[in-house]
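Visitor: Handing you a structure now.
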Amino acid sequence: MIVRDFNELKNTDRHVADAQWTSTRMLLADDGMGFSFHITILEAGSEHTFHYKHHFESVYCMAGKGSITDIATGETHEIKPGVMYALNLHDKHILRAEEELHMACCFNPPVTGKEVHREDGSYAPAEELA
């Protein structure tokens with residue numbers, strides 16, 4: 001059994017930050033669960049372009065308000081507490097935080113914790129990080 005406290009992880013290497021967001025990685029690849037689980041907070045007023053070419057991601061909004069735009073279709077969806085989105089087609093997207101967004105995120109395959117967003121908004125596949 002794995003039990004972790006979000007508040008304790010905020011002071012470890014499982015808590016990472018980038019331009020206008022933070023992510024606390026509750027589960028990573030080395031935990032052996034087959035997915036990773038993160039609590040991510042995006043700053044109010046921020047905009048992010050992501051394209052997870054090598055990972056599937058599902059995201060559940062716990063707090064805040066924003067939107068997600070599918071770059072391929074131009075379709076925009078409201079993000080608010082209770083809304084989940086899944087990037088089942090490795091969808092390139094723009095995530096906008098009108099208010100600070102608190103999100104619960106799952107990645108498959110799981111991230112290792114060593115990833116950084118590349119210029120195109122993606123993470124490298126795990127074999128490139130080895």
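Every chain in the structure tokens has a letter given in the order shown (A, B, ...), and although residue numbers restart at 1 in each chain, ligands are simply numbered from 1 in the order shown.
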Please provide the set of residues having any atom within 9 Å of range 1-18 of chain A, restricted to only C-alpha atoms, with same-chain residues fewer than 6 positions apart removed, written as a list in words.
Guide: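 Here the qualifying residues turn out to be Thr24, Arg25, Met26, Leu27, Leu28, Asp31, Ile39, Gly113, Val116 and His117 of chain A.
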Visitor: Can you pull out the residues contacting range 43-48 of chain A? Cut-off 9 Å, using only C-alpha atoms, and skip same-chain residues under 2 positions away; I want them as a PyMOL selection string.
Guide: chain A and resi 19-22+41+50+64-66+93-101+121
Visitor: Just N, CA and C atoms for this one: save the residues we selected as an mmCIF file, in the first residue's frame.
Guide:
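New file part.cif:
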```cif
data_model
loop_
_atom_site.group_PDB
_atom_site.id
_atom_site.type_symbol
_atom_site.label_atom_id
_atom_site.label_comp_id
_atom_site.auth_asym_id
_atom_site.auth_seq_id
_atom_site.Cartn_x
_atom_site.Cartn_y
_atom_site.Cartn_z
ATOM 1 N N ALA A 19 6.949 27.611 -15.534
ATOM 2 C CA ALA A 19 6.340 28.923 -15.735
ATOM 3 C C ALA A 19 4.846 28.858 -15.424
ATOM 4 N N GLN A 20 4.458 29.418 -14.334
ATOM 5 C CA GLN A 20 3.068 29.634 -13.933
ATOM 6 C C GLN A 20 2.281 28.379 -13.577
ATOM 7 N N TRP A 21 2.959 27.297 -13.206
ATOM 8 C CA TRP A 21 2.266 26.128 -12.677
ATOM 9 C C TRP A 21 3.178 25.363 -11.731
ATOM 10 N N THR A 22 2.548 24.595 -10.849
ATOM 11 C CA THR A 22 3.260 23.667 -9.985
ATOM 12 C C THR A 22 2.583 22.305 -10.101
ATOM 13 N N ILE A 41 -1.388 22.835 -10.079
ATOM 14 C CA ILE A 41 -2.022 24.134 -9.863
ATOM 15 C C ILE A 41 -1.489 25.092 -10.918
ATOM 16 N N PHE A 50 0.163 22.593 -24.552
ATOM 17 C CA PHE A 50 0.733 21.275 -24.285
ATOM 18 C C PHE A 50 0.376 20.328 -25.422
ATOM 19 N N GLY A 64 -11.405 26.247 -9.290
ATOM 20 C CA GLY A 64 -11.006 27.271 -10.245
ATOM 21 C C GLY A 64 -11.869 27.282 -11.486
ATOM 22 N N LYS A 65 -11.453 28.111 -12.437
ATOM 23 C CA LYS A 65 -12.225 28.280 -13.668
ATOM 24 C C LYS A 65 -11.257 28.559 -14.813
ATOM 25 N N GLY A 66 -11.522 27.960 -15.951
ATOM 26 C CA GLY A 66 -10.680 28.176 -17.118
ATOM 27 C C GLY A 66 -11.297 27.553 -18.348
ATOM 28 N N HIS A 93 -3.266 21.061 -27.222
ATOM 29 C CA HIS A 93 -4.303 21.903 -26.642
ATOM 30 C C HIS A 93 -3.712 23.134 -25.958
ATOM 31 N N ILE A 94 -4.591 24.097 -25.745
ATOM 32 C CA ILE A 94 -4.253 25.296 -24.976
ATOM 33 C C ILE A 94 -5.121 25.284 -23.733
ATOM 34 N N LEU A 95 -4.490 25.362 -22.587
ATOM 35 C CA LEU A 95 -5.184 25.402 -21.310
ATOM 36 C C LEU A 95 -5.054 26.805 -20.746
ATOM 37 N N ARG A 96 -6.194 27.422 -20.452
ATOM 38 C CA ARG A 96 -6.214 28.782 -19.915
ATOM 39 C C ARG A 96 -6.828 28.769 -18.517
ATOM 40 N N ALA A 97 -6.175 29.451 -17.589
ATOM 41 C CA ALA A 97 -6.672 29.551 -16.217
ATOM 42 C C ALA A 97 -7.189 30.963 -15.993
ATOM 43 N N GLU A 98 -8.498 31.125 -15.981
ATOM 44 C CA GLU A 98 -9.085 32.433 -15.649
ATOM 45 C C GLU A 98 -8.917 32.705 -14.164
ATOM 46 N N GLU A 99 -9.120 31.669 -13.371
ATOM 47 C CA GLU A 99 -8.865 31.679 -11.934
ATOM 48 C C GLU A 99 -7.813 30.606 -11.677
ATOM 49 N N GLU A 100 -7.196 30.613 -10.517
ATOM 50 C CA GLU A 100 -6.248 29.553 -10.200
ATOM 51 C C GLU A 100 -6.962 28.208 -10.324
ATOM 52 N N LEU A 101 -6.396 27.311 -11.122
ATOM 53 C CA LEU A 101 -6.975 25.990 -11.342
ATOM 54 C C LEU A 101 -6.242 24.946 -10.509
ATOM 55 N N GLY A 121 5.703 21.467 -26.314
ATOM 56 C CA GLY A 121 4.696 21.218 -25.286
ATOM 57 C C GLY A 121 4.581 19.763 -24.865
#
```
Visitor: Write out as an MDAnalysis selection string which residues come within 9 Å of Ser36 in chain A when counting only C-alpha atoms, dropping same-chain ones fewer than 2 positions away.
Guide: chainID A and resid 25:29 31 33:34 38 105:112
Visitor: May I ask for the distance between CA of Gly74 in chain A and CA of Phe35 in chain A, given in Å to one decimal place?
Guide: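 Atom-to-atom, CA of Gly74 in chain A to CA of Phe35 in chain A, that is 28.8 Å.
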